[in-house]
$ cat input_5.txt   # compact mmCIF, C-alpha atoms
# COMPACT_ATOMS: atom_id res chain seq x y z
CA MET A 1 34.90 51.61 71.01
CA SER A 2 38.59 51.89 70.30
CA GLU A 3 41.03 51.02 73.09
CA ARG A 4 42.78 53.97 74.76
CA LYS A 5 46.45 54.12 73.75
CA ASP A 6 47.59 55.54 77.09
CA ILE A 7 46.38 52.53 79.11
CA LEU A 8 49.33 50.58 80.53
CA ARG A 9 48.95 46.81 80.32
CA SER A 10 50.79 44.10 82.19
CA GLY A 11 52.64 42.99 79.07
CA ASP A 12 54.05 46.49 78.61
CA VAL A 13 56.21 46.19 81.72
CA GLN A 14 59.13 43.81 81.28
CA GLY A 15 62.47 43.07 82.93
CA LEU A 16 61.11 43.21 86.48
CA LYS A 17 63.34 40.39 87.73
CA TYR A 18 66.37 42.70 87.47
CA LEU A 19 64.67 45.26 89.68
CA LYS A 20 63.62 42.45 92.02
CA LYS A 21 67.30 41.65 92.67
CA LEU A 22 67.66 45.12 94.10
CA LEU A 23 64.92 44.68 96.69
CA PRO A 24 67.17 43.23 99.46
CA LEU A 25 69.42 46.30 99.23
CA LEU A 26 66.46 48.66 99.30
CA GLY A 27 64.88 46.73 102.18
CA GLU A 28 66.84 48.75 104.75
CA LEU A 29 64.82 51.80 103.69
CA HIS A 30 61.44 50.22 104.39
CA ASP A 31 60.81 51.94 107.73
CA VAL A 32 62.40 55.28 106.83
CA GLY A 33 59.82 58.05 107.21
CA CYS A 34 57.45 55.96 109.30
CA GLU A 35 58.20 57.81 112.53
CA ARG A 36 55.08 59.96 112.28
CA ASP A 37 52.89 57.11 111.04
CA ARG A 38 51.52 56.34 114.50
CA ALA A 39 48.48 54.55 113.09
CA GLY A 40 50.73 52.09 111.24
CA ASN A 41 48.71 52.35 108.04
CA ARG A 42 51.33 53.66 105.61
CA GLN A 43 50.79 52.03 102.21
CA LEU A 44 53.78 53.40 100.30
CA HIS A 45 57.18 52.81 101.92
CA TYR A 46 60.54 54.29 100.89
CA ASP A 47 61.88 51.09 99.31
CA GLN A 48 58.66 50.73 97.29
CA TYR A 49 58.81 54.35 96.14
CA CYS A 50 62.42 53.90 94.98
CA VAL A 51 61.66 50.74 93.05
CA LEU A 52 58.77 52.53 91.31
CA VAL A 53 61.13 55.38 90.34
CA LEU A 54 63.55 52.76 89.00
CA LEU A 55 60.68 51.23 87.03
CA PHE A 56 60.17 54.69 85.48
CA LEU A 57 63.88 54.84 84.58
CA PHE A 58 64.00 51.34 83.08
CA SER A 59 60.64 51.22 81.29
CA PRO A 60 60.30 53.48 78.23
CA LEU A 61 56.49 53.30 78.38
CA VAL A 62 56.31 54.63 81.94
CA ARG A 63 56.96 58.32 81.34
CA SER A 64 54.94 60.16 84.00
CA LEU A 65 53.87 60.04 87.64
CA ARG A 66 50.38 59.04 86.54
CA ALA A 67 51.79 56.16 84.45
CA LEU A 68 53.81 55.10 87.49
CA GLN A 69 50.67 55.10 89.61
CA GLN A 70 48.91 53.06 86.95
CA ALA A 71 51.78 50.55 86.88
CA SER A 72 51.30 50.01 90.62
CA LEU A 73 47.79 48.72 89.86
CA LEU A 74 49.15 45.84 87.77
CA ARG A 75 49.22 42.48 89.57
CA LYS A 76 52.51 41.57 87.88
CA VAL A 77 54.21 44.71 89.21
CA GLN A 78 52.71 44.22 92.68
CA ARG A 79 53.81 40.58 92.82
CA LYS A 80 57.38 40.96 91.55
CA LEU A 81 58.26 44.31 93.09
CA GLY A 82 56.36 43.95 96.36
CA VAL A 83 54.38 47.17 95.97
CA ALA A 84 50.72 47.78 96.68
CA ARG A 85 48.17 49.87 94.84
CA THR A 86 49.46 53.42 95.11
CA SER A 87 47.59 56.69 94.74
CA LEU A 88 48.87 59.85 93.12
CA GLY A 89 48.53 61.52 96.52
CA SER A 90 50.88 58.99 98.12
CA LEU A 91 53.45 59.41 95.35
CA SER A 92 53.32 63.19 95.70
CA GLU A 93 53.54 63.05 99.50
CA ALA A 94 56.67 60.91 99.35
CA THR A 95 58.89 63.99 98.97
CA ASP A 96 57.70 65.23 102.39
CA VAL A 97 58.53 61.95 104.13
CA PHE A 98 61.64 60.32 102.65
CA ASP A 99 65.30 61.35 103.07
CA PRO A 100 67.26 61.13 99.78
CA GLU A 101 70.64 60.89 101.61
CA ARG A 102 69.71 57.40 102.82
CA LEU A 103 70.31 56.20 99.24
CA GLN A 104 74.00 57.09 99.41
CA GLY A 105 74.90 53.89 101.25
CA ILE A 106 73.20 51.74 98.60
CA ILE A 107 74.98 53.66 95.86
CA GLY A 108 78.30 53.06 97.61
CA ARG A 109 77.74 49.32 97.90
CA LEU A 110 76.75 48.97 94.25
CA ALA A 111 79.63 51.18 93.07
CA SER A 112 82.13 49.05 94.97
CA GLN A 113 81.23 46.13 92.68
CA VAL A 114 81.95 48.00 89.44
CA GLN A 115 85.39 47.28 87.96
CA PRO A 116 87.44 49.80 85.93
CA ILE A 117 87.04 49.61 82.16
CA ARG A 118 90.15 51.73 81.55
CA ARG A 119 93.20 52.74 83.59
CA ILE A 120 94.41 56.16 82.50
CA GLY A 121 97.80 57.07 83.88
CA GLN A 122 98.39 53.64 85.40
CA GLY A 123 101.79 53.60 87.08
CA HIS A 124 101.90 57.40 87.23
CA LEU A 125 98.71 58.32 89.11
CA SER A 126 97.05 56.47 91.99
CA GLN A 127 94.23 58.94 92.66
CA VAL A 128 90.70 58.35 91.35
CA LEU A 129 90.05 60.35 88.19
CA THR A 130 86.80 62.23 88.80
CA ALA A 131 85.23 64.54 86.22
CA VAL A 132 82.95 67.18 87.73
CA ASP A 133 80.38 69.32 85.95
CA GLY A 134 76.79 70.45 86.12
CA SER A 135 73.91 69.97 83.71
CA VAL A 136 70.54 71.74 83.65
CA VAL A 137 67.17 70.05 83.21
CA ASN A 138 64.55 72.62 82.23
CA THR A 139 61.12 72.63 83.86
CA LEU A 140 57.89 74.58 83.60
CA ALA A 141 58.50 78.30 83.88
CA SER A 142 55.65 78.53 86.40
CA ILE A 143 57.86 76.99 89.11
CA ALA A 144 59.22 80.16 90.68
CA GLU A 145 61.86 78.42 92.81
CA ALA A 146 63.53 76.98 89.71
CA ALA A 147 63.63 80.24 87.72
CA TYR A 148 67.19 81.07 86.67
CA HIS A 149 67.18 83.11 83.45
CA ARG A 150 65.03 85.61 81.57
CA GLY A 151 65.47 85.67 77.81
CA THR A 152 65.55 88.65 75.48
CA ASN A 153 61.84 88.15 74.85
CA GLY A 154 61.12 88.49 78.58
CA LYS A 155 60.26 84.81 78.96
CA SER A 156 61.42 83.21 82.19
CA HIS A 157 63.44 79.99 82.03
CA SER A 158 63.22 77.48 84.88
CA GLY A 159 65.21 74.39 85.69
CA TRP A 160 67.34 72.43 88.08
CA ARG A 161 71.08 71.86 87.95
CA PHE A 162 72.54 68.40 88.55
CA HIS A 163 76.06 68.77 89.98
CA THR A 164 77.75 65.48 89.13
CA HIS A 165 80.92 63.62 90.15
CA PHE A 166 81.78 61.00 87.52
CA GLU A 167 84.58 58.44 87.88
CA ILE A 168 86.31 58.28 84.51
CA ASP A 169 88.07 54.89 84.77
CA ARG A 170 84.91 53.10 85.90
CA SER A 171 82.61 55.27 83.76
CA ILE A 172 80.05 55.68 86.56
CA PRO A 173 78.44 58.62 88.37
CA VAL A 174 79.09 58.49 92.11
CA ARG A 175 77.39 61.68 93.26
CA MET A 176 74.68 64.07 92.04
CA ASP A 177 73.53 67.13 93.98
CA VAL A 178 70.44 69.02 92.87
CA THR A 179 70.17 72.80 93.11
CA THR A 180 68.29 75.47 91.24
CA ALA A 181 69.75 76.05 87.78
CA ARG A 182 71.07 79.55 88.50
CA ASN A 183 74.85 79.23 88.44
CA GLY A 184 75.52 81.53 91.37
CA GLY A 185 75.47 81.65 95.16
CA HIS A 186 74.79 78.30 96.85
CA SER A 187 74.00 76.62 93.52
CA GLU A 188 77.21 77.83 91.82
CA GLU A 189 79.21 74.90 90.48
CA LYS A 190 82.52 75.82 92.12
CA HIS A 191 80.79 76.23 95.49
CA GLN A 192 79.08 72.85 95.14
CA LEU A 193 82.39 71.12 94.35
CA ARG A 194 84.08 72.86 97.29
CA GLN A 195 81.35 71.53 99.60
CA HIS A 196 81.94 67.90 98.55
CA LEU A 197 85.70 67.58 98.09
CA GLN A 198 87.24 64.22 98.99
CA PRO A 199 90.87 63.12 99.43
CA ASP A 200 92.79 60.94 96.95
CA ARG A 201 90.95 62.14 93.87
CA CYS A 202 92.12 63.90 90.75
CA TYR A 203 89.36 66.32 89.74
CA VAL A 204 89.09 66.90 86.00
CA MET A 205 87.40 70.21 85.22
CA ASP A 206 86.53 72.62 82.43
CA ARG A 207 87.21 76.37 82.26
CA TRP A 208 84.40 77.34 84.62
CA TYR A 209 86.38 75.83 87.51
CA HIS A 210 89.39 78.05 86.81
CA ALA A 211 89.62 79.56 90.31
CA PHE A 212 92.80 79.70 92.40
CA THR A 213 90.92 79.46 95.70
CA LEU A 214 89.19 76.28 94.48
CA TRP A 215 92.51 74.77 93.36
CA ASN A 216 93.97 75.58 96.79
CA ASP A 217 91.04 73.88 98.50
CA ILE A 218 91.45 70.78 96.33
CA VAL A 219 95.13 70.47 97.23
CA ALA A 220 94.37 71.13 100.91
CA ALA A 221 91.84 68.26 100.81
CA GLY A 222 94.60 65.86 99.73
CA SER A 223 93.57 65.67 96.08
CA SER A 224 94.82 67.06 92.77
CA TYR A 225 93.31 68.65 89.69
CA VAL A 226 93.53 68.82 85.91
CA CYS A 227 91.70 71.95 84.81
CA ARG A 228 91.41 73.79 81.53
CA VAL A 229 92.17 77.50 81.95
CA ARG A 230 90.77 80.43 80.04
CA ASP A 231 92.40 81.33 76.73
CA ARG A 232 93.22 84.86 77.94
CA THR A 233 95.09 83.69 81.06
CA ASN A 234 98.44 85.42 81.57
CA LEU A 235 101.09 82.72 81.05
CA ASN A 236 104.14 84.97 80.89
CA HIS A 237 105.69 84.31 84.31
CA VAL A 238 107.55 81.08 83.54
CA VAL A 239 109.39 79.47 86.45
CA GLU A 240 110.55 76.30 84.68
CA GLU A 241 110.58 75.21 81.05
CA ARG A 242 110.27 71.44 80.75
CA PRO A 243 111.46 69.28 77.84
CA ILE A 244 108.81 67.70 75.63
CA SER A 245 109.20 63.99 74.95
CA ALA A 246 108.49 62.31 71.62
CA ALA A 247 105.35 60.72 73.10
CA ALA A 248 104.14 64.12 74.27
CA ARG A 249 104.73 65.68 70.85
CA GLN A 250 102.80 62.87 69.23
CA ALA A 251 99.91 63.64 71.60
CA GLY A 252 99.91 67.25 70.40
CA VAL A 253 101.73 68.80 73.38
CA LEU A 254 103.24 72.16 72.41
CA SER A 255 104.83 73.20 75.70
CA ASP A 256 105.18 72.09 79.33
CA GLN A 257 105.95 74.79 81.89
CA VAL A 258 105.73 75.58 85.59
CA LEU A 259 104.42 79.12 85.98
CA GLN A 260 103.67 81.71 88.60
CA LEU A 261 99.98 82.57 88.30
CA GLY A 262 97.93 85.25 89.99
CA SER A 263 98.90 88.31 91.97
CA SER A 264 102.07 88.22 94.04
CA GLN A 265 100.68 90.98 96.32
CA GLN A 266 97.51 89.13 97.40
CA ARG A 267 97.90 85.67 98.89
CA SER A 268 94.24 84.81 98.24
CA ALA A 269 94.61 85.72 94.55
CA LYS A 270 97.21 83.10 93.66
CA PRO A 271 97.78 79.33 93.99
CA HIS A 272 99.64 78.23 97.13
CA HIS A 273 101.41 75.46 95.21
CA PRO A 274 103.41 75.09 91.98
CA VAL A 275 101.13 75.11 88.92
CA ARG A 276 102.09 73.36 85.73
CA ILE A 277 100.60 74.56 82.41
CA ILE A 278 100.55 72.22 79.41
CA LEU A 279 99.58 73.53 75.98
CA VAL A 280 98.00 71.02 73.59
CA GLN A 281 97.16 71.53 69.92
CA ILE A 282 93.45 71.03 69.14
CA LYS A 283 91.10 71.96 66.32
CA PRO A 284 90.04 75.65 66.37
CA ARG A 285 86.34 76.24 66.93
CA GLN A 286 84.02 79.15 66.32
CA PRO A 287 81.58 80.15 69.09
CA ARG A 288 78.41 78.07 69.08
CA ARG A 289 75.07 79.85 68.97
CA LYS A 290 71.72 78.66 70.21
CA LEU A 291 68.42 80.53 70.04
CA GLY A 292 70.18 83.71 68.99
CA ARG A 293 72.77 83.74 71.80
CA ILE A 294 76.24 82.30 72.29
CA ALA A 295 75.94 78.79 73.75
CA GLY A 296 79.63 77.91 73.86
CA PRO A 297 82.95 79.80 73.74
CA ALA A 298 85.32 79.79 70.80
CA SER A 299 88.69 78.04 70.80
CA ASP A 300 91.88 79.35 69.22
CA GLY A 301 93.18 75.83 68.66
CA ILE A 302 95.27 75.61 71.82
CA LEU A 303 94.13 73.74 74.91
CA ARG A 304 95.61 75.23 78.10
CA ILE A 305 95.62 72.71 80.95
CA ALA A 306 96.61 73.56 84.53
CA THR A 307 97.56 70.90 87.07
CA ASN A 308 99.43 70.47 90.32
CA LEU A 309 100.66 67.03 89.13
CA LEU A 310 104.33 67.76 88.51
CA ASP A 311 105.60 64.20 87.96
CA VAL A 312 102.98 62.83 85.54
CA PRO A 313 104.06 62.81 81.84
CA ALA A 314 102.55 65.61 79.77
CA GLU A 315 100.90 63.22 77.30
CA ILE A 316 99.04 61.52 80.17
CA ILE A 317 97.80 64.88 81.46
CA ALA A 318 96.49 65.61 77.96
CA ASP A 319 94.83 62.18 77.85
CA ILE A 320 93.24 62.73 81.26
CA TYR A 321 91.65 65.97 80.15
CA GLN A 322 90.48 64.44 76.88
CA HIS A 323 88.46 61.92 78.91
CA ARG A 324 86.60 64.72 80.68
CA TRP A 325 84.07 64.37 77.87
CA THR A 326 82.90 61.07 79.35
CA ILE A 327 80.80 63.10 81.77
CA GLU A 328 79.13 64.84 78.83
CA LEU A 329 78.26 61.44 77.38
CA PHE A 330 76.79 60.50 80.75
CA PHE A 331 74.61 63.64 80.80
CA ARG A 332 73.27 62.68 77.38
CA PHE A 333 72.49 59.17 78.65
CA PHE A 334 70.96 60.60 81.85
CA LYS A 335 68.61 62.90 79.94
CA HIS A 336 67.82 61.06 76.74
CA ILE A 337 68.08 57.33 77.56
CA LEU A 338 66.97 57.29 81.20
CA GLY A 339 64.39 59.94 80.39
CA CYS A 340 65.45 62.38 83.10
CA ARG A 341 64.61 65.36 80.95
CA HIS A 342 61.24 64.71 82.58
CA LEU A 343 61.23 65.08 86.36
CA LEU A 344 58.68 63.14 88.37
CA SER A 345 58.54 65.81 91.05
CA THR A 346 58.69 69.58 91.29
CA ASP A 347 60.09 69.35 94.83
CA PRO A 348 63.91 69.44 95.35
CA VAL A 349 63.73 66.37 97.62
CA GLY A 350 61.83 64.37 95.02
CA ILE A 351 64.25 65.46 92.29
CA GLN A 352 67.21 64.44 94.47
CA ILE A 353 65.66 61.00 95.01
CA GLN A 354 65.20 60.65 91.25
CA ALA A 355 68.84 61.68 90.72
CA TYR A 356 70.10 59.06 93.19
CA CYS A 357 67.84 56.42 91.62
CA ALA A 358 69.31 57.37 88.23
CA ILE A 359 72.79 56.68 89.63
CA ILE A 360 71.55 53.30 90.88
CA ALA A 361 70.11 52.58 87.42
CA CYS A 362 73.47 53.40 85.81
CA LEU A 363 75.30 51.15 88.27
CA LEU A 364 72.87 48.28 87.61
CA ILE A 365 73.37 48.60 83.85
CA GLN A 366 77.14 48.70 84.32
CA LEU A 367 77.05 45.58 86.52
CA TRP A 368 74.66 43.84 84.12
CA THR A 369 76.77 44.47 81.02
CA GLY A 370 80.10 43.84 82.75
CA GLY A 371 81.73 46.80 81.01
CA LYS A 372 81.06 50.07 79.28
CA PRO A 373 77.93 49.58 77.17
CA THR A 374 77.74 51.00 73.69
CA LEU A 375 74.78 52.91 72.29
CA ARG A 376 73.66 49.64 70.66
CA THR A 377 73.67 48.05 74.12
CA TYR A 378 71.45 50.79 75.51
CA GLU A 379 69.09 50.29 72.58
CA MET A 380 69.06 46.52 73.15
CA ILE A 381 68.16 47.04 76.80
CA CYS A 382 65.34 49.37 75.76
CA PHE A 383 64.10 46.81 73.19
CA TYR A 384 64.03 44.18 75.91
CA LEU A 385 62.24 46.39 78.41
CA GLN A 386 59.61 47.16 75.77
CA GLY A 387 59.16 43.46 75.05
CA TRP A 388 60.62 43.61 71.54
CA ALA A 389 63.77 41.59 72.28
CA GLU A 390 64.02 38.21 74.01
CA LEU A 391 66.36 37.69 76.95
CA ASP A 392 68.58 35.28 75.02
CA GLU A 393 69.06 37.95 72.32
CA VAL A 394 70.18 40.46 74.95
CA GLN A 395 72.55 37.90 76.45
CA ALA A 396 73.99 37.10 73.01
CA HIS A 397 74.59 40.82 72.42
CA LEU A 398 76.33 41.18 75.79
CA ALA A 399 78.50 38.11 75.12
CA LYS A 400 79.56 39.61 71.80
CA LEU A 401 80.27 42.92 73.52
CA LYS A 402 82.60 41.30 76.05
CA THR A 403 84.64 39.60 73.33
CA THR A 404 85.27 42.93 71.57
CA VAL A 405 86.17 45.04 74.63

$ encode --input "input_5.txt" --output "structure tokens"
Amino acid sequence: MSERKDILRSGDVQGLKYLKKLLPLLGELHDVGCERDRAGNRQLHYDQYCVLVLLFLFSPLVRSLRALQQASLLRKVQRKLGVARTSLGSLSEATDVFDPERLQGIIGRLASQVQPIRRIGQGHLSQVLTAVDGSVVNTLASIAEAAYHRGTNGKSHSGWRFHTHFEIDRSIPVRMDVTTARNGGHSEEKHQLRQHLQPDRCYVMDRWYHAFTLWNDIVAAGSSYVCRVRDRTNLNHVVEERPISAAARQAGVLSDQVLQLGSSQQRSAKPHHPVRIILVQIKPRQPRRKLGRIAGPASDGILRIATNLLDVPAEIIADIYQHRWTIELFFRFFKHILGCRHLLSTDPVGIQIQAYCAIIACLLIQLWTGGKPTLRTYEMICFYLQGWAELDEVQAHLAKLKTTV
């Protein structure tokens, strides 16, 4: 009889010692959710559940909840990760017991160890550059709570939106909030950002965040913003025309102005602070189409950037916005490398736990590599976790990476 290909063997699970180093940090979660366990017979604790989710994120062969349950049966996994045999029922019940917000403290402690890999605007900007955006992970259309769109063929689309705060200089995610994918109401991206504003940050945003009330809230929170505005925005009310330096012209800056935006009759319909608009030359782009509908807007070849930063050189503002795309690269890594296109749970709590564990996984990789890993580094880590690369080969790759950074 041929051996089943979906059986997980002990040799298929590698790299456990790196997860083992995380156990002391996760240990503080051990008794979370045990309040109602009066019999004292809980088999799956919060720290063990998290380390199993991290095993899913780090091991390419573990791609489902059932595979995760099977991994918990392996003596090697039990011994090195301190988990016991776990049933599918226990893994499913975890979303009713554990509080995802308890992972925020662990994320903060790991993030504090990550050093910047770039310093955009050094000497001109002291705030933390933070790109914000949302990305949708599609799920089965049968999950009514996650339904957000009905196509032209009448088919319902379902998914969850991951609202992400991504520090550009350190190239790490620091917050992810999960809502239904419908971009409106409580799950609307501008509303989610407004709910989690922090002081001393410079929020870097795309056109969807072009909203005067949001900009006012950001400034009121003690932060600043660099936001692309819509191509059809009225830019005729110029208050101040600023000179363009040679460095700015070399960066493609076409103009640098302070403008009056919005309606002068309605206080709520205009910014309560001076707004600077910088025009930057870019490559024109036709609207992208996907599945018969427009998936991305066109560009006329001019990038219109709004900011309340009046004293930062125009070329640095342009450079700041250019690095907004680092969050798009993170979303690709989140979905395709960490495998988060597949969600282990259909419950919002379980999805939030997976999102926080994904942030922890990113922080661990960043701390392990000592800098921004390349795609080849990600592949090398995957080769090692699948048992195809030896540890000394990974270390040699990382040493070579550090000499070229």

$ residues_around --input "input_5.txt" --residues "segment 197-211 of chain A" --least-positions-apart "6" --cutoff "8 Å" --atoms "only C-alpha atoms" --output "count of residues only"
24

$ residues_around --input "input_5.txt" --residues "segment 170-175 of chain A" --least-positions-apart "4" --cutoff "10 Å" --atoms "all atoms listed in the file" --output "JSON, numbers by chain"
{"A": [104, 107, 108, 111, 114, 115, 116, 117, 118, 119, 128, 129, 130, 131, 132, 162, 163, 164, 165, 166, 196, 326, 327, 329, 330, 331, 355, 356, 358, 359, 360, 362, 363, 366, 371, 372, 373]}

$ residues_around --input "input_5.txt" --residues "Ala248 of chain A" --least-positions-apart "6" --cutoff "8 Å" --atoms "all atoms listed in the file" --output "VMD selection string"
chain A and resid 313 to 315

$ residues_near_point --input "input_5.txt" --point "(57.9, 53.8, 90.1)" --cutoff "12 Å" --atoms "all atoms listed in the file" --output "PyMOL selection string"
chain A and resi 13+16+19+44-59+61-73+77-78+81-88+90-92+94+344+353-354+357

$ residues_around --input "input_5.txt" --residues "segment 269-281 of chain A" --least-positions-apart "2" --cutoff "10 Å" --atoms "all atoms listed in the file" --output "PyMOL selection string"
chain A and resi 211-217+219-220+226-229+235+238-242+248-249+251-267+283-284+300-310+314-315+317-318

$ atom_distance --input "input_5.txt" --atom1 "atom CA of Asp319 of chain A" --atom2 "atom CA of Gln122 of chain A"
11.9 Å

$ closest_residue --input "input_5.txt" --among "A:Ala361, A:Ala247, A:Lys400, A:His237" --to "Arg376 of chain A" --atoms "all atoms listed in the file"
A:Lys400

$ atom_distance --input "input_5.txt" --atom1 "atom CA of Glu101 of chain A" --atom2 "atom CA of Ala181 of chain A"
20.5 Å

$ atom_distance --input "input_5.txt" --atom1 "atom CA of Ile282 of chain A" --atom2 "atom CA of His323 of chain A"
14.3 Å

$ residues_near_point --input "input_5.txt" --point "(75.3, 76.4, 92.5)" --cutoff "12 Å" --atoms "all atoms listed in the file" --output "JSON, numbers by chain"
{"A": [133, 134, 135, 136, 148, 160, 161, 162, 163, 164, 177, 178, 179, 180, 181, 182, 183, 184, 185, 186, 187, 188, 189, 190, 191, 192, 193, 194, 195]}

$ closest_residue --input "input_5.txt" --among "A:Arg109, A:Trp368, A:Arg102, A:Lys76" --to "Gln395 of chain A" --atoms "all atoms listed in the file"
A:Trp368
